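Written out below as structure tokens is the structure these notes cover.
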Amino acid sequence: MSTTAVTTPARTAEPARTPKLRADASRNRERIVLAARDVFVEHGADAPLDEIAKRAGVGNATLYRNFPDRTALIREVALLVKNRILALAETAPAESDGPFDALQRFVHATVEEKVGALCPILTSAVDPFDPELVEIRERLTAAVGDLMEQARQAGELRTDVDHGDLFIAMSQLTRPLPGTSCRLLDEFVHRHLQLFLDGLRAPARSALPGRAATFEDFHTDH
């Protein structure tokens, strides 16, 4: 009598799960990333990692245990900054007195993340096609677009500007000038941002040359 072999279906391997960090380890990681953001702003992408560890109040071993190399740390800084900016865009309407006030609140809070000084570092060192960063960028585009559209529908925002114009201005106005200190910039940045924001108000005082800039203008694959 012949017997039929029974084939057991192969088990599908489950994706590896990232273990949750202990509370103290999570705090150390956040301190490292915040310190890295500030050190990169002050000294550029090639800033010594030892200085970042010192600024964060942790040992070098703790830094390298969390981030095996500089690229991994810069990516985490990008995620931190973009997530914080996204949260500001999404919460501004509920914390403001009206659509244009929400836009102003978002702009003034966003520059505290030092986007201008970080822009060259993140652009050159981070993969623009990183799925997590792409998802955040798409959500940020939608959230900022909503802020501007609400202000536009309320008749408070001029009609010939787009979100790209907003981010160009924030980047340029918050980038330290060569030979000047970041502290000097901090003293005047909100003053100059308010001058820019006043220029966004409707009715427009002049016709703008060229076309409105969008987020798509900044994508490397555009």
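Residues in the structure tokens are named by chain (A, B, ... in the order shown) and by number from 1 within that chain; ligands are numbered from 1 in the order shown.
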
Query raised in the report: Can you tell me, as a PyMOL selection string, what residues are no more than 9 Å from region 116-123 of chain A when counting only C-alpha atoms, ignoring any on the same chain fewer than 2 positions away?
Result: chain A and resi 37+40-42+44-45+74-75+77-78+111+113-114+125-128+168+170-176

Quick one: residues within 12 Å of Arg65 (chain A), only C-alpha atoms, excluding same-chain residues fewer than 6 positions away - as a short mmCIF file (atom, residue, chain, number, x, y, z; two decimals) with all heavy atoms, in the first residue's frame?
```cif
data_model
loop_
_atom_site.label_atom_id
_atom_site.label_comp_id
_atom_site.auth_asym_id
_atom_site.auth_seq_id
_atom_site.Cartn_x
_atom_site.Cartn_y
_atom_site.Cartn_z
N ALA A 25 16.41 55.21 28.27
CA ALA A 25 17.06 55.08 26.97
C ALA A 25 16.39 55.98 25.94
O ALA A 25 17.04 56.59 25.09
CB ALA A 25 17.03 53.62 26.51
N ASN A 28 17.52 59.51 26.55
CA ASN A 28 18.89 59.69 26.05
C ASN A 28 18.89 59.88 24.54
O ASN A 28 19.60 60.75 24.01
CB ASN A 28 19.75 58.48 26.41
CG ASN A 28 20.21 58.50 27.85
OD1 ASN A 28 20.18 59.54 28.52
ND2 ASN A 28 20.62 57.35 28.36
N ARG A 29 18.11 59.09 23.85
CA ARG A 29 18.05 59.17 22.38
C ARG A 29 17.53 60.54 21.94
O ARG A 29 18.08 61.17 21.03
CB ARG A 29 17.16 58.05 21.85
CG ARG A 29 17.12 57.96 20.32
CD ARG A 29 16.22 56.83 19.89
NE ARG A 29 16.11 56.75 18.43
CZ ARG A 29 16.93 56.06 17.65
NH1 ARG A 29 17.93 55.39 18.19
NH2 ARG A 29 16.76 56.04 16.35
N ILE A 32 20.13 63.21 22.46
CA ILE A 32 21.18 63.14 21.43
C ILE A 32 20.71 63.81 20.15
O ILE A 32 21.45 64.60 19.54
CB ILE A 32 21.57 61.67 21.16
CG1 ILE A 32 22.27 61.07 22.37
CG2 ILE A 32 22.46 61.56 19.93
CD1 ILE A 32 22.45 59.55 22.31
N ALA A 53 27.69 64.26 21.74
CA ALA A 53 27.52 63.46 22.94
C ALA A 53 27.68 64.32 24.19
O ALA A 53 26.89 64.22 25.15
CB ALA A 53 28.53 62.31 22.96
N VAL A 58 25.67 62.65 27.45
CA VAL A 58 25.81 61.19 27.43
C VAL A 58 27.23 60.85 26.99
O VAL A 58 27.96 61.69 26.48
CB VAL A 58 24.80 60.53 26.47
CG1 VAL A 58 23.37 60.88 26.86
CG2 VAL A 58 25.06 60.93 25.02
N GLY A 59 27.61 59.60 27.20
CA GLY A 59 28.92 59.15 26.76
C GLY A 59 28.91 58.80 25.28
O GLY A 59 27.86 58.59 24.67
N ALA A 72 23.07 57.94 9.96
CA ALA A 72 21.90 57.52 10.74
C ALA A 72 21.45 58.64 11.67
O ALA A 72 20.24 58.86 11.87
CB ALA A 72 22.22 56.26 11.54
N LEU A 73 22.39 59.36 12.24
CA LEU A 73 22.05 60.45 13.15
C LEU A 73 21.41 61.61 12.39
O LEU A 73 20.41 62.19 12.84
CB LEU A 73 23.31 60.92 13.89
CG LEU A 73 23.12 62.05 14.89
CD1 LEU A 73 22.04 61.73 15.91
CD2 LEU A 73 24.45 62.35 15.60
#
```

Report task. Please identify all polymer residues within 10 Å of Leu147 (chain A), counting only C-alpha atoms, omitting same-chain residues fewer than 6 positions from it, and present them as a ChimeraX atom specification. Result -> /A:89-90,92-93,99-104,106,163

Requested in this report: Quick one: everything within 12 Å of Pro131 (chain A), counting only C-alpha atoms, minus sequence neighbours fewer than 6 positions away in the same chain. Send it as JSON, numbers by chain.
Outcome: {"A": [75, 79, 137, 138]}

**Report entry** Test item, helix (DSSP H, G or I) assignment across region 37-160 of chain A, answer as a ChimeraX atom specification
**Finding:** /A:37-43,49-56,60-66,70-91,93-95,99-113,115-125,131-153

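Across A:Pro48, A:Ser26, A:Leu195, A:Ser206, the tightest approach to Thr62 (chain A) is made by A:Ser26 when counting only C-alpha atoms.
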
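Nearest-residue note for Leu133 (chain A): choosing from A:Leu63, A:Leu80, A:Asp50, A:Glu187, the minimum distance belongs to A:Leu80, counting only C-alpha atoms.
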
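The space between CA of Glu112 (chain A) and CA of Leu166 (chain A) spans 15.3 Å.
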
Query raised in the report: Quick one: distance from CA of Ala109 (chain A) to CA of Ala142 (chain A) in Å, one decimal?
Result: 18.0 Å

**Report entry** Option closest in space to Arg55 (chain A), from A:Asp198, A:Asp38, A:Asp165, A:Asp69 [counting only C-alpha atoms]
**Finding:** A:Asp38

Requested in this report: Would you please work out which residue, of A:Val115, A:Ala202, A:Leu193, A:Val107, is nearest to Gln153 (chain A) when using only C-alpha atoms?
Outcome: A:Ala202

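When only C-alpha atoms are used to compute distances to Ile136 (chain A), the closest of the residues A:Glu51, A:Asn60, A:Glu216, A:Leu86 turns out to be A:Leu86.
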
Report task. Quick one: everything within 6 Å of Leu157 (chain A), counting only C-alpha atoms, minus sequence neighbours fewer than 2 positions away in the same chain. Send it as a PyMOL selection string. Result -> chain A and resi 151-152+155+200-202
